[in-house]
>>> print(open('protein_29.txt').read())   # compact mmCIF, C-alpha atoms
# COMPACT_ATOMS: atom_id res chain seq x y z
CA MET A 1 -21.09 -13.87 -12.05
CA THR A 2 -17.47 -14.93 -12.35
CA LEU A 3 -14.46 -13.34 -10.67
CA GLU A 4 -10.82 -14.13 -11.39
CA GLY A 5 -7.54 -12.72 -10.25
CA TYR A 6 -4.40 -13.31 -8.21
CA ALA A 7 -4.39 -13.30 -4.41
CA ILE A 8 -0.61 -13.90 -4.34
CA ILE A 9 1.99 -12.68 -6.81
CA PHE A 10 5.36 -14.41 -6.50
CA GLU A 11 8.59 -12.42 -6.27
CA SER A 12 6.74 -9.12 -5.80
CA GLU A 13 8.18 -6.95 -3.04
CA THR A 14 5.94 -4.93 -0.74
CA LEU A 15 6.49 -2.77 2.31
CA ILE A 16 4.79 -4.03 5.48
CA GLY A 17 4.41 -1.14 7.93
CA ASP A 18 6.53 1.90 7.17
CA GLU A 19 10.17 2.49 6.22
CA GLU A 20 11.17 3.34 9.79
CA HIS A 21 9.47 0.48 11.66
CA GLY A 22 8.49 -1.98 8.95
CA PHE A 23 10.04 -4.47 6.58
CA LYS A 24 9.80 -5.53 2.98
CA GLU A 25 8.24 -8.88 2.17
CA VAL A 26 8.51 -11.19 -0.83
CA ILE A 27 6.57 -14.43 -1.44
CA ASP A 28 8.89 -17.06 -2.93
CA LYS A 29 7.75 -18.89 -6.07
CA ASP A 30 7.95 -22.23 -4.23
CA SER A 31 6.18 -21.05 -1.06
CA LEU A 32 2.89 -22.83 -1.87
CA SER A 33 4.35 -26.25 -2.76
CA GLU A 34 3.21 -27.85 0.51
CA THR A 35 0.50 -25.43 1.66
CA LEU A 36 -2.70 -26.74 3.24
CA MET A 37 -5.49 -25.18 1.17
CA LYS A 38 -8.39 -27.22 2.47
CA ASP A 39 -11.71 -25.37 2.76
CA VAL A 40 -10.53 -21.85 1.85
CA PRO A 41 -13.21 -19.14 1.78
CA MET A 42 -13.18 -15.97 -0.29
CA LYS A 43 -14.05 -13.06 1.96
CA TYR A 44 -14.36 -9.30 1.81
CA ASN A 45 -11.54 -7.55 3.73
CA HIS A 46 -10.91 -10.78 5.72
CA MET A 47 -14.08 -9.99 7.71
CA ASP A 48 -15.84 -12.81 9.51
CA ASN A 49 -19.00 -10.74 9.91
CA PHE A 50 -19.48 -10.37 6.12
CA LEU A 51 -21.10 -13.22 4.20
CA ILE A 52 -18.64 -15.58 2.49
CA ILE A 53 -18.37 -14.75 -1.23
CA ALA A 54 -17.23 -18.22 -2.43
CA ARG A 55 -15.53 -21.31 -0.99
CA THR A 56 -13.35 -24.19 -2.12
CA LYS A 57 -15.38 -26.64 -0.04
CA ASN A 58 -18.48 -26.31 -2.24
CA GLY A 59 -16.56 -25.76 -5.48
CA SER A 60 -17.59 -22.14 -5.99
CA LEU A 61 -13.94 -21.11 -5.48
CA SER A 62 -10.98 -22.75 -7.16
CA LEU A 63 -7.35 -21.97 -6.41
CA SER A 64 -4.47 -22.82 -8.71
CA VAL A 65 -0.77 -22.12 -8.53
CA ASP A 66 0.97 -21.05 -11.73
CA GLU A 67 4.26 -19.32 -12.57
CA LYS A 68 2.76 -15.92 -11.63
CA GLY A 69 1.22 -16.79 -8.26
CA LEU A 70 -1.99 -18.04 -6.66
CA LYS A 71 -4.83 -17.65 -9.14
CA VAL A 72 -8.42 -17.52 -7.92
CA HIS A 73 -11.55 -18.33 -9.89
CA ALA A 74 -14.91 -17.78 -8.19
CA GLU A 75 -18.39 -18.55 -9.46
CA LEU A 76 -20.61 -16.35 -7.31
CA LEU A 77 -23.99 -17.46 -6.03
CA ASP A 78 -26.90 -15.18 -6.86
CA THR A 79 -27.12 -13.38 -3.50
CA GLU A 80 -27.55 -9.66 -2.85
CA SER A 81 -24.13 -9.34 -1.17
CA ASN A 82 -22.43 -11.17 -4.06
CA LYS A 83 -24.23 -8.96 -6.60
CA ASP A 84 -22.89 -5.92 -4.73
CA ILE A 85 -19.33 -7.30 -4.70
CA TYR A 86 -19.56 -8.23 -8.40
CA LYS A 87 -20.84 -4.77 -9.33
CA MET A 88 -18.06 -3.10 -7.33
CA VAL A 89 -15.41 -5.25 -9.05
CA THR A 90 -16.97 -4.56 -12.47
CA ALA A 91 -16.97 -0.82 -11.73
CA GLY A 92 -13.32 -0.91 -10.61
CA LEU A 93 -14.11 0.11 -7.03
CA LEU A 94 -12.61 -3.18 -5.83
CA ASP A 95 -9.63 -4.49 -7.79
CA LYS A 96 -7.15 -5.98 -5.32
CA MET A 97 -6.83 -9.09 -3.19
CA SER A 98 -5.16 -10.29 -0.01
CA PHE A 99 -4.64 -13.58 1.79
CA ALA A 100 -4.54 -14.81 5.39
CA PHE A 101 -1.84 -17.37 6.11
CA THR A 102 0.69 -18.86 8.49
CA VAL A 103 4.37 -19.22 7.66
CA ASN A 104 6.42 -22.33 8.30
CA LYS A 105 9.62 -21.27 6.54
CA GLN A 106 11.16 -17.82 6.02
CA SER A 107 14.47 -16.02 5.71
CA TRP A 108 15.53 -12.49 6.61
CA ASP A 109 18.01 -10.20 4.90
CA ARG A 110 19.02 -7.34 7.19
CA SER A 111 21.86 -6.03 4.99
CA GLY A 112 19.91 -3.05 3.59
CA ALA A 113 18.27 -0.04 5.20
CA ILE A 114 14.98 -1.95 5.46
CA PRO A 115 14.96 -5.67 6.40
CA VAL A 116 13.56 -8.05 3.78
CA ARG A 117 11.48 -11.05 4.80
CA ARG A 118 11.26 -13.82 2.19
CA ILE A 119 8.36 -16.22 2.71
CA LEU A 120 9.75 -19.61 1.66
CA GLY A 121 6.88 -21.77 2.90
CA ILE A 122 3.25 -21.03 3.66
CA GLU A 123 1.90 -23.62 6.07
CA ARG A 124 -1.81 -22.89 5.72
CA LEU A 125 -3.98 -20.58 3.67
CA TYR A 126 -6.94 -19.42 5.76
CA ASP A 127 -8.69 -17.19 3.23
CA VAL A 128 -8.34 -15.12 0.11
CA SER A 129 -10.05 -11.75 0.27
CA ILE A 130 -11.19 -9.01 -2.02
CA VAL A 131 -9.88 -5.92 -0.26
CA ASP A 132 -10.08 -2.14 -0.27
CA THR A 133 -6.39 -1.70 0.58
CA PRO A 134 -4.01 -4.58 -0.17
CA ALA A 135 -0.61 -5.28 1.34
CA TYR A 136 0.52 -6.32 -2.15
CA ASP A 137 -0.56 -3.81 -4.77
CA SER A 138 0.32 -6.23 -7.58
CA THR A 139 -2.65 -8.50 -6.75
CA SER A 140 -5.81 -8.32 -8.84
CA ILE A 141 -9.45 -9.29 -9.08
CA TYR A 142 -11.66 -8.74 -12.10
CA ALA A 143 -15.06 -9.76 -13.38
CA ARG A 144 -15.28 -12.14 -16.29
CA SER A 145 -18.20 -11.80 -18.65
CA LEU A 146 -19.40 -14.60 -20.90
CA GLU A 147 -18.64 -12.42 -23.92
CA ALA A 148 -15.04 -11.87 -22.80
CA MET A 149 -14.58 -15.59 -22.14
CA ASP A 150 -15.98 -16.42 -25.58
CA LEU A 151 -13.58 -13.96 -27.23
CA GLU A 152 -10.68 -15.39 -25.25
CA LEU A 153 -11.58 -18.95 -26.28
CA LYS A 154 -11.90 -17.90 -29.94
CA ALA A 155 -8.49 -16.22 -29.76
CA MET A 156 -7.00 -19.39 -28.27
CA ASP A 157 -8.60 -21.47 -31.03
CA LEU A 158 -7.17 -19.15 -33.70
CA ALA A 159 -3.71 -19.33 -32.13
CA GLU A 160 -3.92 -23.14 -32.09
CA GLN A 161 -5.00 -23.20 -35.74
CA LYS A 162 -2.11 -20.91 -36.64
CA LYS A 163 0.36 -23.27 -34.93
CA LYS A 164 -1.07 -26.25 -36.83
CA THR A 165 -0.86 -24.34 -40.11
CA GLU A 166 2.80 -23.45 -39.45
CA ILE A 167 3.62 -27.12 -38.72
CA ILE A 168 1.95 -28.21 -41.96
CA LYS A 169 3.86 -25.54 -43.92
CA LYS A 170 7.17 -26.73 -42.44
CA ARG A 171 6.36 -30.35 -43.31
CA ILE A 172 5.57 -29.35 -46.89
CA GLN A 173 8.85 -27.41 -47.12
CA ILE A 174 10.81 -30.41 -45.81
CA LYS A 175 9.10 -32.80 -48.26
CA SER A 176 9.70 -30.44 -51.19
CA LYS A 177 13.43 -30.36 -50.37
CA ILE A 178 13.67 -34.16 -50.42
>>> encode(input="protein_29.txt", output="structure tokens")
Amino acid sequence: MTLEGYAIIFESETLIGDEEHGFKEVIDKDSLSETLMKDVPMKYNHMDNFLIIARTKNGSLSLSVDEKGLKVHAELLDTESNKDIYKMVTAGLLDKMSFAFTVNKQSWDRSGAIPVRRILGIERLYDVSIVDTPAYDSTSIYARSLEAMDLELKAMDLAEQKKKTEIIKKRIQIKSKI
């Protein structure tokens, strides 16, 4: 049972609170450059009273930062609670993520009708969570099947072969011109 998705999407604006009493928030693309991500658990709705789904400490959860955001990859243990979570993700009942964190650098723009908070540095990541209602709707979590991974790998292999073929064709064209 494999789950993948994004707990953080860079440069995606969301409304925290409401338009009258809240603010908009954006996570900067460089906000995770110095973040402490030691022993991060994957939880359900950030709840401490729900069994941990996966964890970086034992290798069942891996976190990676790419140009899009913070990508999560979880290999779930064969437990009843994990089976339930996996089935709910597969069925589309759960499809969003969240994260618990502390900020060490931020900026505020109060020039518009609603203030905008830009998170420039996240000090520590406490958890990533599969959630019912996310703060950032652009996050995602989805189940990966072995069949889908095989198809994806085959597609990548075909794309690589196509690139090699194009390079060979260009070399032949250059040699024929000489």
>>> residues_around(input="protein_29.txt", residues="Trp108 in chain A", least_positions_apart="5", cutoff="8 Å", atoms="only C-alpha atoms", output="PDB file with C-alpha atoms, keeping the file's coordinate frame")
ATOM      1  CA  PRO A 115      14.960  -5.670   6.400  1.00  0.00           C
ATOM      2  CA  VAL A 116      13.560  -8.050   3.780  1.00  0.00           C
ATOM      3  CA  ARG A 117      11.480 -11.050   4.800  1.00  0.00           C
ATOM      4  CA  ARG A 118      11.260 -13.820   2.190  1.00  0.00           C
TER       5      ARG A 118
END
>>> atom_distance(input="protein_29.txt", atom1="CA of Ser138 in chain A", atom2="CA of His46 in chain A")
18.0 Å
>>> atom_distance(input="protein_29.txt", atom1="CA of Gln106 in chain A", atom2="CA of Gly121 in chain A")
6.6 Å
>>> residues_around(input="protein_29.txt", residues="Thr90 in chain A", least_positions_apart="4", cutoff="9 Å", atoms="only C-alpha atoms", output="ChimeraX atom specification")
/A:85-86,94-95,142-144
>>> closest_residue(input="protein_29.txt", among="A:Ser98, A:Ser60, A:Thr165, A:Gln173", to="Ile130 in chain A", atoms="all atoms listed in the file")
A:Ser98
>>> closest_residue(input="protein_29.txt", among="A:Ala113, A:Ile172, A:Ala100, A:Ile52", to="Ala135 in chain A", atoms="only C-alpha atoms")
A:Ala100
>>> residues_around(input="protein_29.txt", residues="Tyr136 in chain A", least_positions_apart="3", cutoff="10 Å", atoms="only C-alpha atoms", output="list of chain:residue names")
A:Ala7, A:Ile8, A:Ile9, A:Ser12, A:Glu13, A:Thr14, A:Leu15, A:Ile16, A:Glu25, A:Val26, A:Lys96, A:Met97, A:Ser98, A:Phe99, A:Thr133, A:Thr139, A:Ser140
>>> atom_distance(input="protein_29.txt", atom1="CA of Leu36 in chain A", atom2="CA of Phe101 in chain A")
9.8 Å
>>> closest_residue(input="protein_29.txt", among="A:Glu166, A:Glu11, A:Glu80, A:Asp48", to="Lys68 in chain A", atoms="all atoms listed in the file")
A:Glu11
>>> residues_around(input="protein_29.txt", residues="range 70-76 of chain A", least_positions_apart="4", cutoff="9 Å", atoms="all atoms listed in the file", output="VMD selection string")
chain A and resid 1 to 10 32 42 53 to 56 59 to 66 82 to 83 86 128 141
>>> closest_residue(input="protein_29.txt", among="A:Leu93, A:Leu77, A:Leu120, A:Ile114", to="Lys29 in chain A", atoms="all atoms listed in the file")
A:Leu120
>>> closest_residue(input="protein_29.txt", among="A:Leu51, A:Ile27, A:Val103, A:Ala91", to="Thr79 in chain A", atoms="only C-alpha atoms")
A:Leu51
